$ cat model_22.txt   # compact mmCIF, C-alpha atoms
# COMPACT_ATOMS: atom_id res chain seq x y z
CA MET A 20 146.79 81.90 240.75
CA LYS A 21 146.48 78.15 241.12
CA LYS A 22 142.83 78.29 240.05
CA THR A 23 143.80 80.26 236.93
CA LEU A 24 146.46 77.72 236.05
CA LEU A 25 143.98 74.88 236.57
CA VAL A 26 141.43 76.58 234.28
CA ILE A 27 144.07 77.15 231.59
CA LEU A 28 145.20 73.53 231.89
CA ALA A 29 141.63 72.29 231.60
CA VAL A 30 141.05 74.41 228.48
CA LEU A 31 144.25 73.12 226.90
CA CYS A 32 143.26 69.53 227.67
CA GLY A 33 139.86 70.13 226.08
CA LEU A 34 141.38 71.62 222.96
CA SER A 35 143.81 68.71 222.74
CA ALA A 36 140.95 66.22 223.02
CA MET A 37 138.99 68.06 220.32
CA ALA A 38 142.05 68.05 218.05
CA GLN A 39 142.49 64.32 218.58
CA ASP A 40 138.80 63.71 217.81
CA GLU A 41 139.07 65.76 214.64
CA LYS A 42 142.21 63.88 213.65
CA ALA A 43 140.47 60.56 214.27
CA ILE A 44 137.60 61.66 212.04
CA LYS A 45 139.98 62.66 209.25
CA THR A 46 141.66 59.24 209.26
CA ARG A 47 138.45 57.83 207.79
CA ARG A 48 139.23 59.77 204.58
CA PRO A 49 135.67 60.10 203.19
CA LYS A 50 136.48 61.28 199.63
CA TYR A 51 137.71 58.86 196.99
CA VAL A 52 138.84 58.66 193.36
CA ASN A 53 139.11 55.22 191.75
CA LEU A 54 141.00 54.27 188.58
CA GLY A 55 140.58 50.73 187.39
CA TYR A 56 140.50 47.98 184.80
CA GLY A 57 137.21 46.37 183.78
CA LEU A 58 136.98 42.57 183.60
CA GLN A 59 133.93 42.51 181.37
CA GLN A 60 131.82 39.47 180.48
CA ASP A 61 131.81 38.11 176.93
CA VAL A 62 129.10 39.42 174.63
CA THR A 63 127.12 36.61 172.99
CA LEU A 64 124.83 37.66 170.17
CA GLU A 65 121.55 35.94 169.33
CA THR A 66 123.19 34.63 166.18
CA GLY A 67 125.74 32.69 168.27
CA GLU A 68 128.71 34.97 167.63
CA VAL A 69 130.88 35.68 170.67
CA LEU A 70 132.85 38.87 171.31
CA LYS A 71 135.64 38.95 173.87
CA PRO A 72 136.64 42.09 175.81
CA GLU A 73 140.00 43.40 174.64
CA PHE A 74 140.27 46.36 176.96
CA GLY A 75 138.34 47.94 179.80
CA ALA A 76 138.81 51.07 181.89
CA THR A 77 136.89 52.74 184.68
CA LEU A 78 136.94 56.03 186.55
CA ASN A 79 134.74 57.10 189.45
CA ARG A 80 134.73 59.74 192.10
CA GLY A 81 132.61 60.15 195.21
CA ARG A 82 132.31 60.60 198.93
CA THR A 83 131.20 58.67 202.01
CA TYR A 84 128.78 60.54 204.26
CA TYR A 85 129.20 59.06 207.72
CA LEU A 86 126.10 58.67 209.87
CA HIS A 87 127.90 59.45 213.14
CA LYS A 88 130.70 61.82 214.06
CA ARG A 89 133.07 59.42 215.80
CA PRO A 90 133.83 55.77 214.96
CA ILE A 91 132.02 53.25 217.14
CA ALA A 92 134.52 51.60 219.51
CA LYS A 93 137.12 53.77 217.75
CA PHE A 94 137.19 51.62 214.59
CA LEU A 95 133.67 51.00 213.13
CA SER A 96 131.77 53.52 211.00
CA PHE A 97 128.53 53.35 209.05
CA GLY A 98 127.85 55.65 206.12
CA ILE A 99 126.18 56.31 202.80
CA ASP A 100 128.37 56.29 199.68
CA ALA A 101 127.55 58.69 196.88
CA THR A 102 129.57 58.17 193.70
CA TRP A 103 128.78 61.24 191.63
CA ILE A 104 130.75 60.19 188.56
CA ASP A 105 131.07 56.58 187.35
CA LEU A 106 132.49 56.04 183.86
CA ASN A 107 133.15 52.65 182.30
CA TYR A 108 134.51 51.76 178.84
CA ALA A 109 135.17 48.43 177.11
CA MET A 110 136.19 47.37 173.61
CA TYR A 111 135.23 43.94 172.24
CA LYS A 112 136.69 41.89 169.41
CA PRO A 113 135.29 38.75 167.72
CA HIS A 114 136.20 35.43 169.30
CA LYS A 115 134.51 32.67 167.32
CA PHE A 116 131.95 32.11 164.57
CA MET A 117 132.26 35.76 163.66
CA THR A 118 131.20 36.48 160.11
CA TYR A 119 133.60 39.40 159.79
CA ASP A 120 136.79 39.44 161.83
CA GLU A 121 137.31 43.19 161.50
CA THR A 122 134.17 44.07 163.45
CA SER A 123 134.74 45.67 166.87
CA LEU A 124 132.28 46.83 169.46
CA HIS A 125 132.75 49.82 171.75
CA GLN A 126 130.67 50.01 174.91
CA ALA A 127 130.44 52.74 177.54
CA GLU A 128 128.36 53.32 180.65
CA ILE A 129 127.74 56.60 182.44
CA ALA A 130 126.33 56.15 185.93
CA MET A 131 125.95 57.35 189.48
CA GLN A 132 126.02 55.15 192.59
CA VAL A 133 124.44 55.41 196.03
CA GLY A 134 124.24 52.92 198.88
CA PRO A 135 125.27 51.93 202.42
CA SER A 136 128.84 51.24 203.48
CA ILE A 137 130.86 50.00 206.45
CA THR A 138 134.30 51.38 207.23
CA LEU A 139 136.73 49.60 209.57
CA THR A 140 139.79 51.47 210.83
CA PRO A 141 141.72 48.92 212.92
CA ALA A 142 144.82 51.13 212.83
CA LYS A 143 145.41 54.83 212.50
CA ARG A 144 146.04 54.82 208.74
CA LEU A 145 144.64 51.41 207.77
CA GLN A 146 141.10 51.35 206.43
CA LEU A 147 138.78 48.62 205.10
CA HIS A 148 135.74 49.88 203.22
CA LEU A 149 132.85 47.57 202.23
CA TYR A 150 129.82 48.73 200.24
CA GLY A 151 126.72 47.87 198.25
CA ARG A 152 125.19 50.44 195.90
CA PHE A 153 122.40 51.07 193.46
CA ALA A 154 123.67 52.49 190.17
CA PRO A 155 121.27 54.13 187.67
CA THR A 156 123.13 53.79 184.38
CA PHE A 157 122.93 54.98 180.80
CA ALA A 158 124.63 52.45 178.51
CA LEU A 159 125.94 53.17 175.00
CA ARG A 160 127.19 50.95 172.19
CA TYR A 161 128.99 51.89 169.02
CA VAL A 162 129.61 49.50 166.13
CA ASP A 163 130.22 50.25 162.46
CA LYS A 164 129.05 53.87 162.65
CA LYS A 165 125.88 52.87 164.49
CA VAL A 166 125.10 54.11 167.99
CA GLY A 167 122.63 52.55 170.41
CA GLY A 168 121.78 53.31 174.01
CA ASN A 169 119.37 52.62 176.84
CA TYR A 170 118.84 53.02 180.59
CA ALA A 171 119.71 50.18 182.98
CA SER A 172 119.39 49.74 186.75
CA MET A 173 122.62 48.18 187.99
CA PHE A 174 123.84 47.05 191.41
CA VAL A 175 127.41 47.24 192.65
CA ALA A 176 129.05 45.40 195.56
CA GLY A 177 132.68 45.54 196.56
CA GLY A 178 135.36 46.73 198.92
CA ASN A 179 138.80 48.27 199.14
CA LEU A 180 141.73 48.25 201.52
CA SER A 181 143.77 51.42 201.88
CA PHE A 182 146.72 52.61 203.91
CA GLY A 183 146.67 56.36 204.20
CA PHE A 184 146.11 57.98 200.82
CA PHE A 185 146.53 54.88 198.62
CA GLY A 186 144.60 51.60 198.34
CA VAL A 187 143.35 48.79 196.12
CA GLY A 188 139.86 47.42 195.61
CA VAL A 189 137.57 45.14 193.66
CA GLU A 190 133.86 45.31 192.86
CA TYR A 191 131.22 43.36 190.98
CA ARG A 192 128.55 45.02 188.85
CA LYS A 193 125.29 43.33 187.89
CA GLY A 194 122.62 44.62 185.54
CA PRO A 195 119.65 43.30 183.57
CA LYS A 196 119.43 41.81 180.10
CA MET A 197 118.60 44.72 177.89
CA GLY A 198 118.32 45.99 174.34
CA TYR A 199 119.80 49.12 172.85
CA LYS A 200 117.74 51.65 170.93
CA GLU A 201 119.57 52.66 167.78
CA PHE A 202 119.95 56.39 167.34
CA GLY A 203 119.32 58.03 164.02
CA GLY A 204 121.72 60.30 162.17
CA GLY A 205 122.88 63.38 164.00
CA LYS A 206 125.73 65.17 165.68
CA LEU A 207 126.34 62.38 168.22
CA LYS A 208 127.09 59.82 165.53
CA GLY A 209 129.35 62.30 163.74
CA VAL A 210 131.34 63.05 166.88
CA ILE A 211 131.80 59.35 167.72
CA ASP A 212 132.77 58.57 164.13
CA ASN A 213 135.47 61.24 164.27
CA ILE A 214 136.83 60.03 167.63
CA ILE A 215 136.83 56.28 167.01
CA GLY A 216 136.93 56.23 163.21
CA GLY A 217 134.86 54.21 160.78
CA GLU A 218 135.10 50.46 160.86
CA ASP A 219 134.06 49.02 157.55
CA GLU A 220 131.02 47.93 155.62
CA PRO A 221 131.13 44.23 156.50
CA THR A 222 129.11 44.70 159.68
CA GLU A 223 126.26 46.20 157.66
CA ALA A 224 126.33 43.13 155.44
CA PHE A 225 126.41 40.90 158.50
CA VAL A 226 123.42 42.67 160.03
CA SER A 227 121.56 42.40 156.76
CA ARG A 228 122.32 38.68 156.43
CA ALA A 229 121.39 37.97 160.05
CA THR A 230 117.93 39.40 159.46
CA GLU A 231 117.29 37.95 156.01
CA GLY A 232 114.81 35.39 157.26
CA SER A 233 112.58 37.93 159.02
CA THR A 234 108.99 38.17 157.89
CA GLU A 235 107.66 41.13 155.99
CA GLY A 236 106.63 44.01 158.17
CA THR A 237 108.98 42.96 160.96
CA THR A 238 111.47 45.60 162.02
CA GLU A 239 115.02 44.44 161.51
CA VAL A 240 117.04 44.52 164.73
CA ASN A 241 120.78 45.03 164.73
CA PRO A 242 122.12 41.89 166.50
CA PHE A 243 124.58 44.07 168.41
CA PHE A 244 121.63 45.95 169.92
CA SER A 245 119.28 43.00 170.55
CA LYS A 246 117.43 42.42 173.84
CA ASN A 247 119.63 39.68 175.29
CA ASN A 248 122.63 41.85 176.14
CA LEU A 249 123.71 41.34 179.76
CA LEU A 250 125.50 44.10 181.66
CA GLU A 251 127.78 42.32 184.12
CA GLY A 252 131.41 42.17 185.16
CA MET A 253 134.11 42.85 187.73
CA ARG A 254 136.37 45.84 188.14
CA VAL A 255 139.72 45.99 189.94
CA TYR A 256 141.00 49.42 190.83
CA ILE A 257 143.39 51.56 192.77
CA THR A 258 141.79 54.09 195.08
CA PHE A 259 142.98 57.47 196.30
CA ARG A 260 141.32 58.55 199.55
CA PHE A 261 141.51 61.99 201.09
$ encode --input "model_22.txt" --output "structure tokens"
Amino acid sequence: MKKTLLVILAVLCGLSAMAQDEKAIKTRRPKYVNLGYGLQQDVTLETGEVLKPEFGATLNRGRTYYLHKRPIAKFLSFGIDATWIDLNYAMYKPHKFMTYDETSLHQAEIAMQVGPSITLTPAKRLQLHLYGRFAPTFALRYVDKKVGGNYASMFVAGGNLSFGFFGVGVEYRKGPKMGYKEFGGGKLKGVIDNIIGGEDEPTEAFVSRATEGSTEGTTEVNPFFSKNNLLEGMRVYITFRF
């Protein structure tokens, strides 16, 4: 009888330990959804005009895949972050030297992110998450019924501090100087025109005037899509971890 009770007690202790281990694993909360505000850099055109960001928003969702089952020393974890959806939007308005004040620029990036991360859990519900990621990105620009886009390799570094389900974070994104390839007429332009609405004709006149001095046979380049556009900026966000 005593042996039976000892066996039952041992099994219960084992199940309790397993439950505690599983609970400890869950406190790392590997899944995340981030909603944030983009602190974009100014856009300086080759003509000297400067556009300031008026508004920026970001949304991303992903998961941390931990490389070991239990935290090292009960608080340190190494993993690989995979952000499956990363959306960023910013609207720019003229700041100075702008030929036409009514011109506005809409910019969006669609990306994914992957990279290593470190998670610290000093307390049961408190979590510090630090990461660095590679982000293959497709960038789009829309200005005066013209759409341009191109691929860019970006890098993201940041961190967030959360308590239970809720947290706050900040990250910095860095990309190359790049140009945008203007798309021709088609359904995409029509859809964007309907969503954002037409601007006005002044930008067309501005583009024409900016390229007046070009030599014959040289392809005119929209200054909003020129090669010296830098993708860079910070994002502050709230994070939901589960």
$ residues_around --input "model_22.txt" --residues "range 146-151 of chain A" --least-positions-apart "4" --cutoff "7 Å" --atoms "all atoms listed in the file" --output "ChimeraX atom specification"
/A:134-141,175-182
$ residues_around --input "model_22.txt" --residues "Arg192 in chain A" --least-positions-apart "2" --cutoff "8 Å" --atoms "all atoms listed in the file" --output "JSON, numbers by chain"
{"A": [173, 174, 175, 176, 190, 194, 250, 251, 252, 253, 254]}
$ residues_around --input "model_22.txt" --residues "Gly57 in chain A" --least-positions-apart "6" --cutoff "8 Å" --atoms "only C-alpha atoms" --output "number ranges by chain"
A: 74-77, 107-109, 252-255
$ atom_distance --input "model_22.txt" --atom1 "CA of Ala92 in chain A" --atom2 "CA of Gly183 in chain A"
20.1 Å
$ closest_residue --input "model_22.txt" --among "A:Leu145, A:Val133, A:Leu58, A:Val52" --to "Tyr191 in chain A" --atoms "all atoms listed in the file"
A:Leu58
$ residues_around --input "model_22.txt" --residues "range 102-104 of chain A" --least-positions-apart "2" --cutoff "6 Å" --atoms "all atoms listed in the file" --output "MDAnalysis selection string"
chainID A and resid 79:81 131:132
$ atom_distance --input "model_22.txt" --atom1 "CA of Leu54 in chain A" --atom2 "CA of His114 in chain A"
27.4 Å
$ residues_around --input "model_22.txt" --residues "Phe259 in chain A" --least-positions-apart "5" --cutoff "7 Å" --atoms "all atoms listed in the file" --output "short mmCIF file (atom, residue, chain, number, x, y, z; two decimals) with C-alpha atoms, in the coordinates of the input"
data_model
loop_
_atom_site.label_atom_id
_atom_site.label_comp_id
_atom_site.auth_asym_id
_atom_site.auth_seq_id
_atom_site.Cartn_x
_atom_site.Cartn_y
_atom_site.Cartn_z
CA TYR A 51 137.71 58.86 196.99
CA VAL A 52 138.84 58.66 193.36
CA ASN A 53 139.11 55.22 191.75
CA PHE A 184 146.11 57.98 200.82
CA PHE A 185 146.53 54.88 198.62
CA GLY A 186 144.60 51.60 198.34
#
$ atom_distance --input "model_22.txt" --atom1 "CA of Asp105 in chain A" --atom2 "CA of Tyr56 in chain A"
13.0 Å
$ closest_residue --input "model_22.txt" --among "A:Gly188, A:Pro72, A:Gly168, A:Pro90" --to "Gly55 in chain A" --atoms "only C-alpha atoms"
A:Gly188
